[in-house]
Amino acid sequence: MSASAADQIAEDDVASLSGESDDGDRDYVASLARGLEVICAFTRDTPSMTLSDVAKVTGMSRATTRRLLLTLVREGYAEKRDRHFSLRPKVLQLGYSALSSVGILDIVQPVMNALSQRTQESIYTAVLTGDDVTYLARSTPDRVISVSINIGNRLPAYAVSTGRVLLAGESDEALERYFDRIKLEKHTSNTVRSVKQLRDIIAETRELGYSLVDEELEVGVRSLSVPIYDATGHVIAALNACCPSMRFPVEDMREKLVPELRAAAQSINERFQQK
């Protein structure tokens with residue numbers, strides 16, 4: 001980060017942000033926390049927003065939001081066109097740096113490649129980022145018809161199987177905060193309609209150990225996911241198979257793909273144990 005940008009953030013801590021944190025910890029850097037919150041405000045449904053939009057989503061003042069957005073622009077993590085701001089690919093470095101430090105991509109990619117070749121379906125790994133999931137790795141078969149999700153794509157957690165597996169791995173307290181703030185949007189006629197229904201789905205996901213979503217985000221696509229655990233037993237990612245609905249009925253996915261994904265996830269989990 002440039003000296004001028006660092007100086008500006010330091011000024012933000014003392015000036016506009018000093019009264020906004022209730023943390024009370026001298027080591028807590030409010031401006032850093034709010035900068036990350038601004039980044040997470042951009043989603044698949046809102047990839048481009050005005051300053052007012054970001055301020056409304058984050059609950060920050062316009063002045064604070066403006067300083068943080070312009071800092072992200074100056075550092076190459078965002079761009080501004082007319083009145084709208086959007087993230088740039090450089091922001092993915094933040095996630096990849098963290099993931100590389102624990103070696104998750106090195107561990108999951110070979111397993112995903114083998115699984116994709118064995119099942120001839122598109123295989124993905126995703127993590128929870130705020131209220132969305134972000135897809136970090138993929139392996140696609142040589143089929144003419146396959147499902148394609150770009151690395152770095154963010155999708156609403158409530159509407160996809162990866163999100164439901166990852167939400168099921170959250171603590172009860174974190175889940176309650178999620179349920180309190182989430183606003184469900186209808187993407188297809190199958191999309192989950194109420195928070196109560198979503199609660200039941202997450203509870204079922206915890207019990208089953210997998211999630212199967214039938215055309216809730218996109219018509220013609222079914223999705224199946226299982227959790228990936230780190231060496232301490234915490235859910236850190238989801239292993240996912242996306243299939244065209246016309247090729248894979250729901251019951252066939254349960255019968256054929258659930259065992260395949262579970263075996264692949266177990267292989268990944270064992271590799272984490274060895275690290």
# chains A, B, ... in the order shown; residues from 1 in each chain; ligands from 1
>>> residues_around(residues="region 250-258 of chain A", least_positions_apart="6", cutoff="8 Å", atoms="only C-alpha atoms", output="JSON list (two decimals) with C-alpha atoms, in the first residue's frame")
[["chain", "number", "residue", "atom", "x", "y", "z"],
["A", 119, "THR", "CA", -18.01, -38.64, -13.05],
["A", 210, "TYR", "CA", -24.66, -32.96, 2.16],
["A", 214, "ASP", "CA", -32.78, -28.49, -7.53],
["A", 222, "ARG", "CA", -28.89, -29.17, -10.16],
["A", 224, "LEU", "CA", -24.75, -31.28, -4.93]]
>>> closest_atom_pairs(of="region 145-238 of chain A", to="region 29-45 of chain A", cutoff="10 Å", atoms="only C-alpha atoms", output="CSV")
residue,atom,partner,partner_atom,distance
A:Asn153,CA,A:Arg44,CA,7.2
A:Arg154,CA,A:Arg44,CA,5.4
A:Leu155,CA,A:Arg44,CA,5.9
A:Pro156,CA,A:Arg44,CA,7.7
>>> write_last_selection(atoms="N, CA, C and O atoms", output="PDB file, in the first residue's frame")
ATOM      1  N   ASN A 153     -16.423 -16.275  -9.055  1.00  0.00           N
ATOM      2  CA  ASN A 153     -17.851 -15.958  -9.013  1.00  0.00           C
ATOM      3  C   ASN A 153     -18.379 -16.031  -7.586  1.00  0.00           C
ATOM      4  O   ASN A 153     -18.013 -16.923  -6.820  1.00  0.00           O
ATOM      5  N   ARG A 154     -19.287 -15.093  -7.259  1.00  0.00           N
ATOM      6  CA  ARG A 154     -19.942 -15.100  -5.952  1.00  0.00           C
ATOM      7  C   ARG A 154     -21.440 -15.310  -6.158  1.00  0.00           C
ATOM      8  O   ARG A 154     -22.056 -14.655  -6.995  1.00  0.00           O
ATOM      9  N   LEU A 155     -22.010 -16.235  -5.391  1.00  0.00           N
ATOM     10  CA  LEU A 155     -23.427 -16.554  -5.486  1.00  0.00           C
ATOM     11  C   LEU A 155     -24.046 -16.512  -4.092  1.00  0.00           C
ATOM     12  O   LEU A 155     -23.358 -16.752  -3.093  1.00  0.00           O
ATOM     13  N   PRO A 156     -25.346 -16.208  -3.997  1.00  0.00           N
ATOM     14  CA  PRO A 156     -25.995 -16.133  -2.681  1.00  0.00           C
ATOM     15  C   PRO A 156     -26.003 -17.485  -1.991  1.00  0.00           C
ATOM     16  O   PRO A 156     -26.444 -18.489  -2.569  1.00  0.00           O
TER      17      PRO A 156
END
>>> closest_residue(among="A:Tyr77, A:Tyr229, A:Phe85, A:Phe248", to="Ile104 (chain A)", atoms="only C-alpha atoms")
A:Tyr229
>>> closest_residue(among="A:Arg271, A:Arg206, A:Arg83, A:Arg66", to="Asp230 (chain A)", atoms="only C-alpha atoms")
A:Arg271
>>> closest_residue(among="A:Ala159, A:Ala78, A:Ala137, A:Ile123", to="Asp106 (chain A)", atoms="only C-alpha atoms")
A:Ala137
>>> select_by_dssp(residues="region 108-260 of chain A", states="alpha helix (DSSP H)", output="count of residues only")
50
>>> residues_around(residues="Gln273 (chain A)", least_positions_apart="2", cutoff="9 Å", atoms="only C-alpha atoms", output="list in words")
Asp230, Ala231, Thr232, Ile268, Asn269, Glu270, Arg271 and Lys275 of chain A
>>> write_last_selection(atoms="N, CA, C and O atoms", output="compact mmCIF listing (two decimals), in the first residue's frame")
# COMPACT_ATOMS: atom_id res chain seq x y z
N ASP A 230 -10.90 -28.91 7.82
CA ASP A 230 -9.47 -28.74 8.04
C ASP A 230 -8.99 -29.74 9.09
O ASP A 230 -9.76 -30.60 9.55
N ALA A 231 -7.74 -29.63 9.49
CA ALA A 231 -7.15 -30.60 10.42
C ALA A 231 -7.79 -30.54 11.80
O ALA A 231 -7.68 -31.49 12.58
N THR A 232 -8.46 -29.42 12.12
CA THR A 232 -9.10 -29.28 13.44
C THR A 232 -10.57 -29.68 13.42
O THR A 232 -11.25 -29.60 14.44
N ILE A 268 -9.58 -35.49 0.61
CA ILE A 268 -9.07 -34.14 0.89
C ILE A 268 -8.86 -33.96 2.39
O ILE A 268 -7.82 -33.43 2.83
N ASN A 269 -9.83 -34.39 3.20
CA ASN A 269 -9.72 -34.24 4.65
C ASN A 269 -8.49 -34.97 5.19
O ASN A 269 -7.79 -34.47 6.08
N GLU A 270 -8.21 -36.15 4.66
CA GLU A 270 -7.06 -36.93 5.12
C GLU A 270 -5.75 -36.23 4.75
O GLU A 270 -4.78 -36.27 5.51
N ARG A 271 -5.75 -35.56 3.62
CA ARG A 271 -4.54 -34.81 3.22
C ARG A 271 -4.30 -33.63 4.14
O ARG A 271 -3.16 -33.27 4.43
N LYS A 275 -0.91 -32.57 6.88
CA LYS A 275 -0.14 -31.33 6.73
C LYS A 275 0.51 -30.92 8.05
O LYS A 275 -0.03 -31.16 9.11
>>> select_by_dssp(residues="region 125-171 of chain A", states="strand (DSSP E)", output="PyMOL selection string")
chain A and resi 125-129+132-139+154-156
>>> write_last_selection(atoms="all heavy atoms", output="CSV table (one decimal), in the first residue's frame")
chain,number,residue,atom,x,y,z
A,125,THR,N,-14.8,-26.1,-5.9
A,125,THR,CA,-14.6,-25.9,-4.5
A,125,THR,C,-14.9,-24.4,-4.2
A,125,THR,O,-14.5,-23.5,-5.0
A,125,THR,CB,-13.1,-26.2,-4.1
A,125,THR,OG1,-12.8,-27.5,-4.3
A,125,THR,CG2,-12.9,-25.8,-2.6
A,126,ALA,N,-15.7,-24.2,-3.1
A,126,ALA,CA,-16.1,-22.9,-2.8
A,126,ALA,C,-16.0,-22.6,-1.3
A,126,ALA,O,-16.0,-23.6,-0.5
A,126,ALA,CB,-17.6,-22.7,-3.2
A,127,VAL,N,-15.9,-21.3,-0.9
A,127,VAL,CA,-15.8,-20.9,0.5
A,127,VAL,C,-16.9,-19.9,0.7
A,127,VAL,O,-17.4,-19.2,-0.2
A,127,VAL,CB,-14.4,-20.4,0.8
A,127,VAL,CG1,-13.4,-21.5,0.7
A,127,VAL,CG2,-14.0,-19.2,0.0
A,128,LEU,N,-17.2,-19.7,2.0
A,128,LEU,CA,-18.1,-18.7,2.4
A,128,LEU,C,-17.4,-17.3,2.5
A,128,LEU,O,-16.4,-17.2,3.2
A,128,LEU,CB,-18.7,-19.1,3.8
A,128,LEU,CG,-20.0,-18.4,4.2
A,128,LEU,CD1,-21.2,-18.7,3.2
A,128,LEU,CD2,-20.4,-18.8,5.6
A,129,THR,N,-18.0,-16.3,1.9
A,129,THR,CA,-17.4,-15.0,1.9
A,129,THR,C,-18.6,-14.0,2.2
A,129,THR,O,-19.4,-13.7,1.4
A,129,THR,CB,-16.8,-14.6,0.6
A,129,THR,OG1,-17.7,-14.8,-0.5
A,129,THR,CG2,-15.5,-15.3,0.4
A,132,ASP,N,-22.3,-14.7,0.9
A,132,ASP,CA,-22.2,-15.3,-0.4
A,132,ASP,C,-21.2,-16.5,-0.4
A,132,ASP,O,-20.5,-16.6,0.6
A,132,ASP,CB,-21.7,-14.4,-1.5
A,132,ASP,CG,-22.7,-13.2,-1.8
A,132,ASP,OD1,-23.9,-13.5,-1.6
A,132,ASP,OD2,-22.3,-12.1,-2.1
A,133,VAL,N,-21.2,-17.3,-1.4
A,133,VAL,CA,-20.1,-18.2,-1.6
A,133,VAL,C,-19.2,-17.8,-2.8
A,133,VAL,O,-19.7,-17.2,-3.7
A,133,VAL,CB,-20.6,-19.7,-1.8
A,133,VAL,CG1,-21.3,-20.2,-0.6
A,133,VAL,CG2,-21.5,-19.7,-3.0
A,134,THR,N,-17.9,-18.0,-2.7
A,134,THR,CA,-17.0,-17.7,-3.7
A,134,THR,C,-16.3,-18.9,-4.2
A,134,THR,O,-15.8,-19.7,-3.4
A,134,THR,CB,-15.9,-16.7,-3.3
A,134,THR,OG1,-16.5,-15.5,-2.8
A,134,THR,CG2,-15.0,-16.3,-4.4
A,135,TYR,N,-16.3,-19.1,-5.6
A,135,TYR,CA,-15.8,-20.3,-6.2
A,135,TYR,C,-14.3,-20.1,-6.4
A,135,TYR,O,-13.9,-19.2,-7.1
A,135,TYR,CB,-16.6,-20.7,-7.4
A,135,TYR,CG,-18.0,-21.2,-7.1
A,135,TYR,CD1,-19.0,-20.3,-6.8
A,135,TYR,CD2,-18.2,-22.5,-7.0
A,135,TYR,CE1,-20.3,-20.7,-6.5
A,135,TYR,CE2,-19.5,-23.0,-6.7
A,135,TYR,CZ,-20.5,-22.0,-6.4
A,135,TYR,OH,-21.8,-22.5,-6.0
A,136,LEU,N,-13.5,-21.0,-5.9
A,136,LEU,CA,-12.0,-20.9,-5.9
A,136,LEU,C,-11.3,-21.8,-6.9
A,136,LEU,O,-10.2,-21.5,-7.3
A,136,LEU,CB,-11.5,-21.2,-4.5
A,136,LEU,CG,-12.1,-20.3,-3.3
A,136,LEU,CD1,-11.6,-20.9,-2.0
A,136,LEU,CD2,-11.7,-18.9,-3.5
A,137,ALA,N,-11.9,-22.9,-7.1
A,137,ALA,CA,-11.2,-23.9,-8.0
A,137,ALA,C,-12.3,-24.7,-8.8
A,137,ALA,O,-13.4,-24.8,-8.3
A,137,ALA,CB,-10.3,-24.8,-7.2
A,138,ARG,N,-11.9,-25.1,-10.0
A,138,ARG,CA,-12.9,-25.9,-10.7
A,138,ARG,C,-12.1,-26.9,-11.6
A,138,ARG,O,-11.0,-26.8,-11.9
A,138,ARG,CB,-13.7,-25.0,-11.6
A,138,ARG,CG,-13.0,-24.4,-12.8
A,138,ARG,CD,-13.9,-23.6,-13.7
A,138,ARG,NE,-13.2,-23.0,-14.8
A,138,ARG,CZ,-13.8,-22.3,-15.8
A,138,ARG,NH1,-15.1,-22.1,-15.8
A,138,ARG,NH2,-13.0,-21.8,-16.8
A,139,SER,N,-12.9,-28.0,-12.0
A,139,SER,CA,-12.4,-28.9,-12.9
A,139,SER,C,-13.6,-29.4,-13.8
A,139,SER,O,-14.6,-29.8,-13.3
A,139,SER,CB,-11.8,-30.2,-12.2
A,139,SER,OG,-11.2,-31.1,-13.1
A,154,ARG,N,-19.3,-15.1,-7.3
A,154,ARG,CA,-19.9,-15.1,-6.0
A,154,ARG,C,-21.4,-15.3,-6.2
A,154,ARG,O,-22.1,-14.7,-7.0
A,154,ARG,CB,-19.7,-13.8,-5.2
A,154,ARG,CG,-18.2,-13.6,-4.8
A,154,ARG,CD,-18.0,-12.3,-4.1
A,154,ARG,NE,-18.8,-12.2,-2.9
A,154,ARG,CZ,-18.7,-11.1,-2.1
A,154,ARG,NH1,-18.0,-10.0,-2.4
A,154,ARG,NH2,-19.4,-11.0,-0.9
A,155,LEU,N,-22.0,-16.2,-5.4
A,155,LEU,CA,-23.4,-16.6,-5.5
A,155,LEU,C,-24.0,-16.5,-4.1
A,155,LEU,O,-23.4,-16.8,-3.1
A,155,LEU,CB,-23.6,-17.9,-6.1
A,155,LEU,CG,-23.0,-18.2,-7.5
A,155,LEU,CD1,-23.3,-19.6,-7.9
A,155,LEU,CD2,-23.7,-17.2,-8.5
A,156,PRO,N,-25.3,-16.2,-4.0
A,156,PRO,CA,-26.0,-16.1,-2.7
A,156,PRO,C,-26.0,-17.5,-2.0
A,156,PRO,O,-26.4,-18.5,-2.6
A,156,PRO,CB,-27.4,-15.6,-3.0
A,156,PRO,CG,-27.6,-16.0,-4.4
A,156,PRO,CD,-26.3,-15.9,-5.1
>>> residues_around(residues="region 191-199 of chain A", least_positions_apart="6", cutoff="8 Å", atoms="only C-alpha atoms", output="PyMOL selection string")
chain A and resi 158-159+179+184-185+215-217
>>> write_last_selection(atoms="C-alpha atoms", output="short mmCIF file (atom, residue, chain, number, x, y, z; two decimals), in the first residue's frame")
data_model
loop_
_atom_site.label_atom_id
_atom_site.label_comp_id
_atom_site.auth_asym_id
_atom_site.auth_seq_id
_atom_site.Cartn_x
_atom_site.Cartn_y
_atom_site.Cartn_z
CA TYR A 158 -29.04 -19.53 0.61
CA ALA A 159 -29.74 -20.55 -3.02
CA PHE A 179 -30.99 -15.48 9.44
CA LEU A 184 -34.28 -13.90 0.19
CA GLU A 185 -34.68 -13.12 -3.49
CA GLU A 215 -32.95 -25.50 -9.92
CA GLU A 216 -33.19 -22.86 -7.16
CA LEU A 217 -30.68 -20.44 -8.64
#
